[in-house]
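The next block holds one structure in the form of structure tokens; read it before the comments.
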Amino acid sequence: MRAYWILPNRDQEDEISASDGETILPLRQILDPRLRPDGFSHGVPTELLEKCGPKAFAEILFAQRFPGWNGDRELFSVSTPAGLDSSGRVVHLGLLLILEPHERPRFDLPYAGLSEEDQSYASALIQRLTSAGCEDSWAQSVRDLRDLPSGGRPATNVALERSVVRFDSLYVVGSGGFIRKAVKRRKWRTSVIIC
Amino acid sequence: MPPPALAIFRAFLLLASFPGIEKHVVRLVKGALEWWSGKKIAVIGPTAAGKDSFLARLQNREIPRVHSNSPMGERVKSFRVKLALSHHRVIDITCKGVINIGGETDYRDAPAGWLAVCKDADVVFYVMTIKDLSEKRFLGGRRIRQDLDWLLTALPHLKQDALIHILINKIDQEIESHTDYRALAEELAKELGALDKTVKTVLHPYETRYTGATLISMKNKQIYTRAINDVLRSVYSAFHGTAKRRKAG
């Protein structure tokens with residue numbers, strides 16, 4: 001497993017930066033944009049921020065899983081809001097995991113090489129993901145996504161309505177940032193092409 | 001400064017001097033009203049250039065309360081653009097299939113990125129800022145120039161008649177920070193001329209798809225209203241001119 005932080009673009013740079021916990025480098029050196037799967041998100045989708053409202057921003061965790069990426073590997077990512085950029089826009093911190101076949105995500109990436117501000121968000125994220133308690137429903141939804149049997153379709157922890165790509169989703173978001181298990185997982189629409 | 005840009009700039013100064021003026025007399029020919037009806041648009045540009053704000057303005061919304069650095073392509077619900085014109089006429093455009101996307105080069109170069117956003121569009125709006133213009137970021141190797149190079153490679157994959165229009169946002173900041181408007185106008189004239197020349201050179205042989213650049217402010221509603229009317233007119237005029245040339249040819 002290779003693990004990286006996707007760093008908040010606080011200074012409105014032209015490129016998204018990443019870190020292995022020590023060194024900072026452009027995300028494109030780790031994950032070529034041309035190989036990023038459709039619907040891959042570099043942070044928390046705006047629709048979730050709007051649904052949850054500013055009071056619940058700190059609670060939000062958005063996770064994605066792309067099985068069968070680049071052959072038989074898997075991409076797993078978790079993002080959380082991480083403060084504001086210089087224009088007052090919400091920016092995001094992400095944890096990106098590149099998994100070899102049959103590997104399971106582990107949430108244990110160091111963060112000493114990040115800025116002080118990013119370190120606090122990284123530390124909080126790791127702590128939430130590795131805590132055993134079930135009272136943090138967002139963290140639980142990420143662990144549930146991690147525990148899904150491998151080999152399925154692309155999936156997210158919570159359902160999205162505005163995504164360009166359709167994902168299987170485990171939870172739905174209500175107002176105020178509360179999430180609950182979806183009655184039935186949303187599935188990709190199957191289309192048939194008749195030639 | 002090319003005549004339309006100069007006229008807009010003068011209008012901005014007028015608006016800045018008389019903030020009470022809210023009605024603008026803008027005449028759009030009937031053909032423009034019909035042409036714009038049902039057109040699909042795409043909005044791209046560097047990060048923090050004002051893409052979100054432009055989409056909000058088009059939807060007659062204020063700048064979003066929850067404002068985020070867009071981390072993925074998200075569908076924007078179909079919306080109608082209504083603009084009051086002279087003689088009690090209203091332009092009414094339905095925008096469908098618009099996708100809101102981030103401005104980092106990561107989004108530009110991803111297959112599901114800018115190309116996917118632009119591929120069905122009739123008009124692609126490229127949003128940059130006045131700072132990009134004054135810092136000449138459209139010159140070799142710099143961000144705006146890289147995006148123009150990208151547009152050249154993308155154009156063969158877009159709709160055959162897709163048009164490109166550049167919006168230069170945050171002009172309000174320039175107006176607020178200057179007192180010598182004549183000097184500012186002259187400075188902008190040079191910069192706009194240089195941008196225009198670069199765009200046409202880079203986009204060759206598709207330079208006729210470029211319909212010009214418009215100074216705009218998403219923040220200042222009066223400037224926005226004036227500028228967007230000019231945009232609608234400029235894009236249509238450019239289309240009309242190209243169509244006429246094609247017929248003649």
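Identifiers in the structure tokens: chain A, B, ... in order shown; residue index from 1 per chain; ligand index from 1 in order shown.
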
Can you build me a table of chain A residues sitting at most 9 Å from chain B, with the closest atom pair per residue and its distance in Å to one decimal, using only C-alpha atoms, sorted by chain and residue number, as CSV?
residue,atom,partner,partner_atom,distance
A:Asn9,CA,B:Asn69,CA,8.1
A:Gln12,CA,B:Thr47,CA,6.2
A:Glu13,CA,B:Glu104,CA,7.3
A:Asp14,CA,B:Glu104,CA,4.8
A:Glu15,CA,B:Glu104,CA,5.1
A:Ile16,CA,B:Glu104,CA,6.6
A:Leu27,CA,B:Asp106,CA,8.1
A:Arg28,CA,B:Asp106,CA,6.9
A:Asp32,CA,B:Ala110,CA,8.2
A:Pro33,CA,B:Ala110,CA,4.5
A:Arg34,CA,B:Ala110,CA,4.7
A:Leu35,CA,B:Ala110,CA,7.3
A:Arg36,CA,B:Ala110,CA,6.5
A:Pro37,CA,B:Ala112,CA,7.7
A:Asp38,CA,B:Ala112,CA,5.3
A:Gly39,CA,B:Met72,CA,6.8
A:Phe40,CA,B:Met72,CA,6.7
A:Ser41,CA,B:Met72,CA,4.7
A:His42,CA,B:Pro71,CA,4.8
A:Gly43,CA,B:Pro71,CA,4.9
A:Val44,CA,B:Pro71,CA,6.5
A:Pro45,CA,B:Pro71,CA,6.0
A:Thr46,CA,B:Ser68,CA,6.3
A:Glu47,CA,B:Glu74,CA,8.1
A:Leu49,CA,B:Val66,CA,7.0
A:Glu50,CA,B:Val66,CA,6.2
A:Gly53,CA,B:Val66,CA,7.7
A:Pro54,CA,B:Val66,CA,7.4
A:Leu84,CA,B:Ser68,CA,8.4
A:Asp85,CA,B:Asn69,CA,8.2
A:Ser87,CA,B:Ala48,CA,7.7
A:Gly88,CA,B:His67,CA,7.5
A:Arg89,CA,B:Ser68,CA,4.7
A:Val90,CA,B:Ser68,CA,4.4
A:Val91,CA,B:Asn69,CA,5.6
A:His92,CA,B:Asn69,CA,8.0
A:Glu161,CA,B:Arg75,CA,8.4
A:Arg162,CA,B:Arg75,CA,4.8
A:Ser163,CA,B:Glu74,CA,4.9
A:Val164,CA,B:Glu74,CA,5.9

Next item on the list: Have a look at atom CA of B:Glu191 and atom CA of B:Glu207 and let me know their distance in Å, one decimal.
Entry: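 About the pair atom CA of B:Glu191 and atom CA of B:Glu207: they are 18.6 Å apart.
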
Item checked: Surrounding residues of A:Ser169 excluding itself and chain neighbours under 2 positions, 12 Å, only C-alpha atoms, as a ChimeraX atom specification -> /A:62-65,141-142,144-145,148,152-161,166-167,171-173,179-188

Would you mind exporting C-alpha atoms of the selected residues as a tab-separated table (two decimals), in the first residue's frame?
chain	number	residue	atom	x	y	z
A	62	PHE	CA	-16.07	11.82	2.27
A	63	ALA	CA	-14.62	8.53	1.07
A	64	GLN	CA	-14.36	6.91	-2.33
A	65	ARG	CA	-13.28	3.49	-3.44
A	141	SER	CA	-19.32	5.09	7.23
A	142	VAL	CA	-15.70	5.25	6.02
A	144	ASP	CA	-17.93	0.37	6.43
A	145	LEU	CA	-16.78	1.36	2.96
A	148	LEU	CA	-16.92	-3.90	1.76
A	152	GLY	CA	-17.30	-4.37	-6.49
A	153	ARG	CA	-18.15	-1.19	-8.32
A	154	PRO	CA	-16.84	2.31	-7.51
A	155	ALA	CA	-18.46	3.36	-4.26
A	156	THR	CA	-18.69	6.25	-1.82
A	157	ASN	CA	-19.50	6.30	1.88
A	158	VAL	CA	-22.39	8.73	1.33
A	159	ALA	CA	-24.67	9.19	-1.67
A	160	LEU	CA	-24.16	12.08	-4.08
A	161	GLU	CA	-26.81	13.56	-6.33
A	166	ARG	CA	-22.89	7.23	-10.31
A	167	PHE	CA	-21.52	5.39	-7.29
A	171	TYR	CA	-25.23	6.07	3.63
A	172	VAL	CA	-27.41	9.06	2.83
A	173	VAL	CA	-26.99	12.57	4.22
A	179	ILE	CA	-26.13	10.53	8.03
A	180	ARG	CA	-27.99	7.22	8.11
A	181	LYS	CA	-27.61	3.92	6.35
A	182	ALA	CA	-29.22	3.83	2.95
A	183	VAL	CA	-32.17	1.47	2.72
A	184	LYS	CA	-30.92	0.17	-0.56
A	185	ARG	CA	-27.52	0.90	-1.98
A	186	ARG	CA	-27.61	3.14	-5.04
A	187	LYS	CA	-26.33	1.31	-8.05
A	188	TRP	CA	-25.01	2.27	-11.41

Checklist line | All alpha helix (DSSP H) residues (DSSP, backbone) inside chain B, as a VMD selection string | finding: chain B and resid 3 to 17 30 to 36 51 to 58 105 to 109 114 to 118 130 to 134 143 to 154 171 to 177 181 to 203 221 to 248

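For the pair atom CA of B:Ser237 and atom CA of B:Ile101, the separation is 28.2 Å.
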
Which residues are close to B:Leu155, i.e. within 9 Å by only C-alpha atoms, leaving aside same-chain residues fewer than 6 positions away? Reply as a JSON list (two decimals) with all heavy atoms, in the first residue's frame.
[["chain", "number", "residue", "atom", "x", "y", "z"],
["B", 119, "LYS", "N", -17.15, 19.32, -23.86],
["B", 119, "LYS", "CA", -17.36, 18.63, -25.13],
["B", 119, "LYS", "C", -18.74, 18.85, -25.79],
["B", 119, "LYS", "O", -18.84, 18.80, -27.00],
["B", 119, "LYS", "CB", -17.00, 17.15, -25.03],
["B", 119, "LYS", "CG", -17.95, 16.29, -24.32],
["B", 119, "LYS", "CD", -17.53, 14.83, -24.53],
["B", 119, "LYS", "CE", -18.61, 13.91, -24.10],
["B", 119, "LYS", "NZ", -18.68, 13.42, -22.82],
["B", 162, "ALA", "N", -18.24, 25.14, -31.80],
["B", 162, "ALA", "CA", -18.12, 25.68, -30.43],
["B", 162, "ALA", "C", -17.28, 26.96, -30.43],
["B", 162, "ALA", "O", -16.27, 27.04, -31.12],
["B", 162, "ALA", "CB", -17.48, 24.64, -29.52],
["B", 203, "LEU", "N", -4.46, 29.85, -30.94],
["B", 203, "LEU", "CA", -5.60, 29.03, -31.38],
["B", 203, "LEU", "C", -5.62, 28.77, -32.89],
["B", 203, "LEU", "O", -6.48, 28.03, -33.37],
["B", 203, "LEU", "CB", -6.93, 29.66, -30.95],
["B", 203, "LEU", "CG", -7.20, 29.73, -29.45],
["B", 203, "LEU", "CD1", -8.62, 30.19, -29.18],
["B", 203, "LEU", "CD2", -6.96, 28.39, -28.75],
["B", 206, "TYR", "N", -7.88, 27.71, -35.44],
["B", 206, "TYR", "CA", -9.26, 27.82, -34.94],
["B", 206, "TYR", "C", -9.55, 29.24, -34.42],
["B", 206, "TYR", "O", -10.45, 29.42, -33.62],
["B", 206, "TYR", "CB", -9.49, 26.82, -33.80],
["B", 206, "TYR", "CG", -9.27, 25.39, -34.20],
["B", 206, "TYR", "CD1", -8.09, 24.73, -33.85],
["B", 206, "TYR", "CD2", -10.23, 24.69, -34.93],
["B", 206, "TYR", "CE1", -7.89, 23.41, -34.22],
["B", 206, "TYR", "CE2", -10.03, 23.37, -35.30],
["B", 206, "TYR", "CZ", -8.86, 22.74, -34.93],
["B", 206, "TYR", "OH", -8.66, 21.44, -35.30]]
